[in-house]
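As provided, data34.cif (mmCIF, C-alpha atoms) reads as follows.
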data_upload
loop_
_atom_site.label_atom_id
_atom_site.label_comp_id
_atom_site.auth_asym_id
_atom_site.auth_seq_id
_atom_site.Cartn_x
_atom_site.Cartn_y
_atom_site.Cartn_z
CA MET F 122 129.60 141.60 75.63
CA ASN F 123 126.32 140.70 77.30
CA ASN F 124 124.84 144.05 76.28
CA ALA F 125 125.91 143.49 72.67
CA LYS F 126 124.25 140.07 72.72
CA LYS F 127 121.04 141.55 74.10
CA ILE F 128 121.09 144.25 71.41
CA GLU F 129 121.58 141.59 68.71
CA THR F 130 118.63 139.59 70.04
CA TRP F 131 116.24 142.52 70.35
CA PHE F 132 117.38 144.03 67.07
CA ASP F 133 116.20 140.98 65.11
CA LEU F 134 112.73 141.35 66.62
CA VAL F 135 112.64 145.11 65.99
CA ARG F 136 113.80 144.64 62.41
CA ILE F 137 111.01 142.16 61.72
CA LEU F 138 108.44 144.54 63.19
CA VAL F 139 109.79 147.45 61.14
CA ALA F 140 109.77 145.29 57.99
CA VAL F 141 106.13 144.39 58.64
CA LEU F 142 105.20 148.04 59.18
CA VAL F 143 106.99 149.13 56.00
CA ALA F 144 105.29 146.37 54.01
CA TYR F 145 101.91 147.34 55.45
CA ALA F 146 102.50 151.00 54.64
CA ILE F 147 103.33 150.16 51.02
CA ALA F 148 100.34 147.82 50.77
CA LEU F 149 98.01 150.47 52.16
CA VAL F 150 99.30 153.00 49.62
CA ILE F 151 98.66 150.49 46.83
CA LEU F 152 95.17 149.82 48.17
CA ALA F 153 94.46 153.52 48.31
CA LEU F 154 95.53 153.94 44.68
CA ILE F 155 93.67 151.02 43.10
CA SER F 156 90.48 150.82 45.15
CA ASP F 157 87.30 152.81 44.70
CA ASP F 158 86.75 152.81 48.47
CA PRO F 159 90.25 152.70 50.01
CA LEU F 160 89.20 153.43 53.59
CA TYR F 161 86.80 150.49 53.66
CA VAL F 162 89.37 148.20 52.05
CA ILE F 163 92.06 149.21 54.54
CA GLN F 164 89.67 148.73 57.44
CA GLN F 165 88.69 145.26 56.22
CA PHE F 166 92.30 144.30 55.67
CA ILE F 167 93.58 145.41 59.08
CA VAL F 168 90.59 144.88 61.38
CA GLY F 169 88.63 142.31 59.39
CA PRO F 170 90.51 139.22 60.65
CA PHE F 171 89.53 140.13 64.22
CA SER F 172 85.98 141.26 63.48
CA SER F 173 84.40 137.89 64.31
CA PHE F 174 85.19 134.74 66.19
CA ARG F 175 85.00 132.70 63.01
CA ARG F 176 87.50 134.91 61.18
CA PHE F 177 89.93 134.77 64.08
CA GLY F 178 89.52 131.00 64.00
CA ASN F 179 90.54 131.10 60.33
CA ILE F 180 93.84 132.70 61.38
CA LEU F 181 94.54 129.95 63.89
CA SER F 182 93.59 127.12 61.54
CA THR F 183 95.76 128.61 58.77
CA MET F 184 98.68 128.64 61.20
CA ILE F 185 98.63 124.92 61.97
CA PRO F 186 100.32 123.35 58.90
CA ILE F 187 102.82 126.16 58.38
CA ILE F 188 104.02 125.89 61.98
CA PHE F 189 105.20 122.36 61.20
CA THR F 190 106.91 123.32 57.96
CA GLY F 191 108.35 126.43 59.61
CA ILE F 192 110.01 124.21 62.22
CA CYS F 193 111.25 121.97 59.43
CA MET F 194 112.91 124.84 57.62
CA CYS F 195 114.46 126.17 60.85
CA PHE F 196 116.52 122.97 60.98
CA VAL F 197 117.44 123.25 57.31
CA TYR F 198 118.17 126.96 57.58
CA ALA F 199 120.34 126.39 60.68
CA ILE F 200 122.84 124.30 58.71
CA ASN F 201 122.68 126.51 55.59
CA LYS F 202 121.45 123.70 53.35
CA PHE F 203 118.41 124.73 51.33
CA ASN F 204 116.66 121.39 51.25
CA LEU F 205 113.17 122.38 50.07
CA VAL F 206 111.66 118.90 50.13
CA GLY F 207 109.37 119.91 53.00
CA GLU F 208 106.73 120.56 50.34
CA GLY F 209 106.80 116.97 49.12
CA ALA F 210 107.22 115.63 52.67
CA VAL F 211 103.86 117.15 53.60
CA ASN F 212 102.15 115.28 50.75
CA LEU F 213 103.96 112.02 51.42
CA GLY F 214 103.30 112.17 55.16
CA GLY F 215 99.61 112.83 54.60
CA CYS F 216 99.26 110.14 51.92
CA LEU F 217 101.08 107.30 53.68
CA SER F 218 99.34 108.13 56.96
CA ALA F 219 96.02 107.93 55.13
CA CYS F 220 96.96 104.51 53.73
CA VAL F 221 97.74 103.18 57.20
CA ALA F 222 94.63 104.80 58.68
CA ILE F 223 92.42 103.19 56.01
CA ALA F 224 94.08 99.79 56.32
CA LEU F 225 93.93 99.61 60.13
CA SER F 226 90.64 101.42 60.82
CA ASN F 227 88.41 99.35 63.14
CA LYS F 228 91.22 96.78 63.52
CA VAL F 229 93.21 98.41 66.33
CA PRO F 230 92.14 100.82 69.11
CA ALA F 231 91.73 104.39 67.93
CA TRP F 232 94.35 105.79 70.34
CA LEU F 233 96.93 103.27 69.18
CA LEU F 234 96.09 103.84 65.52
CA LEU F 235 96.48 107.59 66.01
CA ILE F 236 99.99 107.08 67.41
CA ILE F 237 100.88 104.74 64.54
CA VAL F 238 99.58 107.19 61.95
CA LEU F 239 101.53 110.11 63.44
CA VAL F 240 104.70 108.02 63.53
CA VAL F 241 104.17 107.03 59.89
CA GLY F 242 103.90 110.72 58.99
CA CYS F 243 107.20 111.45 60.72
CA LEU F 244 108.94 108.52 59.04
CA ALA F 245 107.61 109.55 55.62
CA GLY F 246 108.97 113.07 56.08
CA MET F 247 112.32 111.71 57.23
CA ALA F 248 112.59 109.46 54.17
CA ALA F 249 111.65 112.32 51.84
CA SER F 250 114.29 114.66 53.25
CA LEU F 251 116.98 111.98 53.48
CA ILE F 252 117.29 111.54 49.71
CA PRO F 253 118.35 115.14 48.87
CA ALA F 254 120.57 115.19 51.97
CA LEU F 255 122.45 112.07 50.87
CA ALA F 256 122.65 113.28 47.27
CA ASP F 257 124.26 116.48 48.54
CA GLN F 258 126.79 114.85 50.85
CA ILE F 259 127.69 111.76 48.80
CA PHE F 260 127.38 112.93 45.19
CA HIS F 261 127.77 116.68 45.83
CA ALA F 262 124.53 117.36 43.95
CA ASP F 263 122.83 120.72 44.41
CA VAL F 264 120.49 120.03 47.31
CA CYS F 265 118.12 122.83 46.28
CA VAL F 266 117.67 121.45 42.76
CA VAL F 267 117.38 117.83 43.94
CA SER F 268 114.81 118.71 46.60
CA LEU F 269 112.70 120.76 44.20
CA MET F 270 112.58 117.86 41.76
CA MET F 271 111.84 115.48 44.63
CA ASN F 272 108.74 117.50 45.44
CA TYR F 273 107.23 116.64 42.05
CA ILE F 274 108.37 113.02 42.23
CA LEU F 275 106.62 112.70 45.57
CA LEU F 276 103.54 114.50 44.23
CA TYR F 277 103.22 112.05 41.33
CA LEU F 278 103.86 109.13 43.69
CA THR F 279 101.11 110.23 46.06
CA ASN F 280 98.77 110.84 43.11
CA TYR F 281 99.42 107.31 41.89
CA ILE F 282 98.72 105.89 45.35
CA LEU F 283 95.54 107.94 45.63
CA LYS F 284 94.14 107.17 42.18
CA TYR F 285 95.13 103.52 41.85
CA ARG F 286 95.41 102.16 45.39
CA ILE F 287 93.14 103.96 47.87
CA LYS F 288 90.62 105.88 45.73
CA ASP F 289 86.98 105.48 46.73
CA PRO F 290 85.10 104.69 43.48
CA GLY F 291 81.87 105.87 45.06
CA SER F 292 83.18 109.37 45.77
CA SER F 293 82.14 112.26 43.50
CA ILE F 294 85.64 113.74 43.82
CA THR F 295 89.13 112.28 43.72
CA ALA F 296 89.36 111.08 47.31
CA SER F 297 90.44 108.02 49.21
CA TYR F 298 88.30 105.70 51.28
CA LYS F 299 87.37 107.22 54.63
CA TRP F 300 89.13 106.24 57.82
CA ALA F 301 87.57 105.69 61.23
CA PRO F 302 85.82 108.88 62.47
CA ALA F 303 87.59 108.51 65.82
CA LEU F 304 90.88 109.36 64.10
CA LYS F 305 89.78 112.85 63.06
CA PHE F 306 91.14 115.63 65.23
CA ARG F 307 88.32 117.32 67.10
CA ASN F 308 87.69 121.04 66.89
CA ILE F 309 88.93 122.76 70.04
CA ILE F 310 87.16 126.06 69.37
CA PRO F 311 83.43 125.80 68.60
CA LYS F 312 82.14 127.17 65.28
CA THR F 313 85.65 127.33 63.80
CA SER F 314 87.95 124.93 61.95
CA VAL F 315 90.62 125.12 64.67
CA HIS F 316 91.35 121.50 65.54
CA ALA F 317 93.53 119.72 68.10
CA GLY F 318 96.41 119.76 65.63
CA LEU F 319 97.18 123.25 66.95
CA ILE F 320 98.09 121.69 70.29
CA VAL F 321 100.32 119.14 68.55
CA ALA F 322 101.98 121.97 66.62
CA LEU F 323 102.74 123.97 69.78
CA ILE F 324 104.15 120.86 71.47
CA CYS F 325 106.43 120.43 68.46
CA VAL F 326 107.55 124.05 68.80
CA VAL F 327 108.61 123.39 72.40
CA LEU F 328 110.41 120.16 71.45
CA ALA F 329 112.23 121.86 68.58
CA ALA F 330 113.27 124.82 70.75
CA VAL F 331 114.61 122.48 73.44
CA LEU F 332 116.55 120.52 70.81
CA PHE F 333 117.93 123.74 69.32
CA TYR F 334 119.04 125.49 72.50
CA LYS F 335 119.15 122.98 75.37
CA MET F 336 120.73 119.89 73.80
CA SER F 337 124.21 119.23 72.48
CA PHE F 338 122.95 118.36 68.99
CA GLY F 339 121.39 121.80 68.63
CA PHE F 340 124.70 123.41 69.57
CA LYS F 341 126.59 121.23 67.07
CA MET F 342 124.04 121.98 64.37
CA ARG F 343 124.30 125.72 64.83
CA ILE F 344 128.11 125.62 64.87
CA VAL F 345 128.11 123.61 61.63
CA GLY F 346 125.78 126.15 60.07
CA LEU F 347 127.98 129.07 61.11
CA ASN F 348 131.36 127.57 60.22
CA PRO F 349 131.64 123.93 59.08
CA VAL F 350 135.45 124.14 58.88
CA PHE F 351 135.71 125.23 62.51
CA ALA F 352 133.11 122.61 63.50
CA LYS F 353 135.20 119.87 61.90
CA TYR F 354 138.34 121.22 63.59
CA ILE F 355 136.82 120.94 67.08
CA GLY F 356 135.62 117.40 66.46
CA ILE F 357 131.98 117.81 65.42
CA PRO F 358 130.89 115.17 62.85
CA VAL F 359 129.88 117.66 60.16
CA VAL F 360 128.43 115.29 57.54
CA SER F 361 126.25 113.31 59.96
CA THR F 362 125.08 116.51 61.65
CA ILE F 363 124.04 118.05 58.33
CA ILE F 364 122.16 114.92 57.27
CA LEU F 365 120.50 114.40 60.65
CA ALA F 366 119.33 118.02 60.86
CA GLN F 367 117.58 117.69 57.50
CA VAL F 368 116.05 114.36 58.46
CA ILE F 369 114.69 115.76 61.73
CA GLY F 370 113.29 118.75 59.87
CA GLY F 371 111.63 116.42 57.38
CA ALA F 372 110.00 114.53 60.25
CA PHE F 373 108.23 117.70 61.36
CA ALA F 374 107.05 118.41 57.80
CA GLY F 375 105.72 114.87 57.36
CA LEU F 376 103.97 115.09 60.72
CA GLY F 377 102.44 118.38 59.61
CA GLY F 378 100.95 116.67 56.56
CA THR F 379 99.44 113.96 58.75
CA VAL F 380 98.01 116.43 61.24
CA GLN F 381 96.49 118.58 58.49
CA VAL F 382 94.88 115.59 56.78
CA LEU F 383 93.44 114.23 60.04
CA GLY F 384 92.32 117.66 61.18
CA MET F 385 90.62 118.92 58.03
CA PHE F 386 89.43 115.83 56.13
CA SER F 387 87.92 112.41 56.62
CA SER F 388 89.72 111.08 53.52
CA TYR F 389 92.91 111.87 51.62
CA GLN F 390 92.23 114.38 48.79
CA TRP F 391 95.48 116.18 47.86
CA THR F 392 96.21 116.01 44.13
CA ALA F 393 98.54 119.03 43.98
CA LEU F 394 101.32 120.53 46.03
CA THR F 395 99.88 122.29 49.06
CA GLY F 396 102.37 125.17 49.25
CA TYR F 397 102.91 124.56 52.96
CA GLY F 398 106.55 123.60 52.47
CA PHE F 399 107.42 126.81 50.65
CA ASP F 400 105.51 128.76 53.30
CA GLY F 401 107.76 127.07 55.85
CA LEU F 402 110.84 128.69 54.30
CA MET F 403 109.19 132.09 54.64
CA ILE F 404 108.25 131.32 58.26
CA ALA F 405 111.82 130.26 59.09
CA VAL F 406 113.24 133.44 57.56
CA LEU F 407 110.85 135.59 59.58
CA ALA F 408 111.63 133.61 62.74
CA ARG F 409 115.38 134.01 62.10
CA LYS F 410 115.71 130.19 62.28
CA ASN F 411 114.50 130.22 65.89
CA PRO F 412 111.77 127.59 66.43
CA ALA F 413 110.40 129.49 69.43
CA LEU F 414 109.45 132.38 67.11
CA VAL F 415 107.77 130.16 64.51
CA PRO F 416 104.24 130.50 65.99
CA LEU F 417 104.55 134.29 65.93
CA SER F 418 105.74 134.28 62.32
CA ALA F 419 103.00 131.82 61.34
CA PHE F 420 100.39 134.00 63.04
CA LEU F 421 101.60 137.03 61.08
CA ILE F 422 101.39 135.25 57.72
CA ALA F 423 98.01 133.72 58.60
CA TYR F 424 96.70 137.13 59.67
CA ILE F 425 97.84 138.73 56.39
CA ARG F 426 96.25 135.96 54.32
CA THR F 427 93.00 136.07 56.24
CA GLY F 428 92.82 139.82 55.74
CA ALA F 429 93.53 139.41 52.02
CA ASP F 430 90.81 136.77 51.73
CA ILE F 431 88.29 139.06 53.43
CA VAL F 432 89.25 141.95 51.16
CA SER F 433 88.94 139.79 48.02
CA ARG F 434 85.46 138.62 49.04
CA THR F 435 84.07 141.96 50.17
CA THR F 436 85.78 144.48 47.87
CA ASP F 437 87.13 144.89 44.35
CA ILE F 438 90.73 143.97 45.32
CA PRO F 439 92.16 140.63 44.06
CA PRO F 440 93.73 138.34 46.70
CA GLU F 441 97.07 138.26 44.87
CA PHE F 442 98.12 141.55 46.41
CA VAL F 443 99.01 139.62 49.59
CA SER F 444 102.06 138.36 47.68
CA ILE F 445 103.30 141.95 47.54
CA ILE F 446 103.21 142.23 51.32
CA GLN F 447 104.87 138.86 51.88
CA GLY F 448 107.58 139.64 49.32
CA ILE F 449 108.46 142.99 50.86
CA ILE F 450 108.61 141.50 54.36
CA ILE F 451 110.91 138.68 53.26
CA VAL F 452 113.21 141.01 51.31
CA LEU F 453 113.59 143.41 54.24
CA VAL F 454 114.06 140.68 56.85
CA ALA F 455 116.53 138.71 54.73
CA ALA F 456 118.54 141.83 53.79
CA GLU F 457 121.46 141.94 56.21
CA MET F 458 122.05 145.67 55.60
CA PHE F 459 118.48 146.69 56.51
CA LEU F 460 118.86 148.84 59.67
CA SER F 461 122.38 147.45 60.17
CA GLY F 462 123.79 150.95 60.70
CA PHE F 463 121.29 151.53 63.50
CA LYS F 464 122.35 148.25 65.14
CA ARG F 465 126.05 149.15 64.96
CA ARG F 466 125.37 152.53 66.58
CA LEU F 467 123.47 150.86 69.41
CA ILE F 468 126.29 148.40 70.04
CA PHE F 469 128.93 151.15 69.84
CA ASN F 470 127.04 153.42 72.24
CA SER F 471 126.49 150.52 74.64
CA ALA F 472 130.19 149.64 74.61
CA LYS F 473 131.18 153.30 75.02
CA LYS F 474 128.86 153.65 78.00
CA ALA F 475 130.17 150.47 79.61
CA LEU F 476 133.77 151.62 79.13
CA ALA F 477 132.98 155.03 80.66
CA GLU F 478 131.36 153.38 83.68
CA LYS F 479 134.38 151.09 84.10
CA GLU F 480 136.80 154.03 83.96
CA GLY F 481 134.64 155.99 86.42
CA LYS F 482 134.79 153.17 88.95
CA ALA F 483 138.54 152.93 88.48
#
Show this structure as structure tokens.
Amino acid sequence: MNNAKKIETWFDLVRILVAVLVAYAIALVILALISDDPLYVIQQFIVGPFSSFRRFGNILSTMIPIIFTGICMCFVYAINKFNLVGEGAVNLGGCLSACVAIALSNKVPAWLLLIIVLVVGCLAGMAASLIPALADQIFHADVCVVSLMMNYILLYLTNYILKYRIKDPGSSITASYKWAPALKFRNIIPKTSVHAGLIVALICVVLAAVLFYKMSFGFKMRIVGLNPVFAKYIGIPVVSTIILAQVIGGAFAGLGGTVQVLGMFSSYQWTALTGYGFDGLMIAVLARKNPALVPLSAFLIAYIRTGADIVSRTTDIPPEFVSIIQGIIIVLVAAEMFLSGFKRRLIFNSAKKALAEKEGKA
């Protein structure tokens, strides 16, 4: 039984790696067919992200917001409720945190204001995710549809707040008043845009992994996701567990919005959906709803996007081809039958070997 469990665990990792290799092979064939200089394009795509310190920094900075939304979607994915409001939660967390930062700048100590702002981001994300969760459990509304519509409601709400409540009339772009410079996350790697939010993101990964696998709530959540009928039978409060899991996930998404705003800007400037929430779903699928694997998945996506950006700026290849790679990876990872025969053979051979050893000892 232990061997089968080990095979299951390692198989998920191997399947992701194989999916990535297959996607890369297809992408490289496409590049070779459509480019005038395929060897240079391939070299820029694969090696380019590591060719300079600044480009490697771009990978790390791209990772930061999608780590938060990846954690968010791990919670949602664990209970099999596709609450996609993480996209709107990012905007709402960033916007409300900006409002508090502007209102309290130079009125309270910077360290205290930073804590307050981060808490506001978490609360905003929790509130955003709570609405679809309640609509699903109380009114039996489709949580996917409700959450998608909520994203646009929250976008228009944050646009209203930005344009009519906190907009700086002296700015040449649509941006809020600036907050105290002490609030901005400092860069932790010189000559890059990698800020201290990366540390916050990794701390959140540890907290989420502990909650998932070392605390009773994580066990209850995973049981509910696997079989809610059985969970109810053994006394787990299914409804409250489902709602709480989504609310906790929303807190991470809202915090991600706050961290990204404080790390990259000195004023709030988002007037459109960022895409980070939808990226989070992709990250959670790649991580197989395991928060501990979210940084690895986020690094992979950030690496692909950095390579695509380099290729689009230095060659004749448009950046949209990165969507091909991402799509293939997601399809292969999400497909339960992909390499499933290989997994069954491994488990069968392992069990056969264990049985033979047991009979030999007897």
- [ ] Given the file shown, enumerate the residues that the PyMOL selection byres ((chain F and resi 333-350) around 7) captures and present them as a list of chain:residue names.
- [x] F:Ala199, F:Ile200, F:Asn201, F:Ala329, F:Ala330, F:Val331, F:Leu332, F:Phe351, F:Ala352, F:Lys353, F:Tyr354, F:Ile357, F:Val359, F:Thr362
TODO: Check what the PyMOL selection byres ((chain F and resi 386) around 12) selects in the file above and give those residues as a count of residues only.
DONE: 28
For the PyMOL selection byres ((chain F and resi 428) around 9), applied here, can you spell out every residue it catches as a PDB file with C-alpha atoms, in the frame of the given file?
ATOM      1  CA  GLN F 165      88.690 145.260  56.220  1.00  0.00           C
ATOM      2  CA  PHE F 166      92.300 144.300  55.670  1.00  0.00           C
ATOM      3  CA  ILE F 167      93.580 145.410  59.080  1.00  0.00           C
ATOM      4  CA  VAL F 168      90.590 144.880  61.380  1.00  0.00           C
ATOM      5  CA  GLY F 169      88.630 142.310  59.390  1.00  0.00           C
ATOM      6  CA  PRO F 170      90.510 139.220  60.650  1.00  0.00           C
ATOM      7  CA  ALA F 423      98.010 133.720  58.600  1.00  0.00           C
ATOM      8  CA  TYR F 424      96.700 137.130  59.670  1.00  0.00           C
ATOM      9  CA  ILE F 425      97.840 138.730  56.390  1.00  0.00           C
ATOM     10  CA  ARG F 426      96.250 135.960  54.320  1.00  0.00           C
ATOM     11  CA  THR F 427      93.000 136.070  56.240  1.00  0.00           C
ATOM     12  CA  ALA F 429      93.530 139.410  52.020  1.00  0.00           C
ATOM     13  CA  ASP F 430      90.810 136.770  51.730  1.00  0.00           C
ATOM     14  CA  ILE F 431      88.290 139.060  53.430  1.00  0.00           C
ATOM     15  CA  VAL F 432      89.250 141.950  51.160  1.00  0.00           C
ATOM     16  CA  SER F 433      88.940 139.790  48.020  1.00  0.00           C
ATOM     17  CA  VAL F 443      99.010 139.620  49.590  1.00  0.00           C
TER      18      VAL F 443
END
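With all atoms listed in the file as the atoms that count, the residue of F:Leu154, F:Leu134, F:Val139, F:Ala322 with the shortest distance to Leu376 (chain F) is F:Ala322.
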Let me have the centre and edge lengths in Å, one decimal, of the box along x, y and z around every listed atom of region 159-178 of chain F with 5 Å of margin on each side, as JSON.
{"center_x": 89.0, "center_y": 142.2, "center_z": 58.1, "size_x": 19.2, "size_y": 32.4, "size_z": 26.2}
Open item on the list: Please determine, counting all atoms listed in the file, which residue among F:Tyr198, F:Cys216, F:Val238, F:Val162 has the shortest atom-to-atom distance to Ala148 (chain F).
Closed with: F:Val162
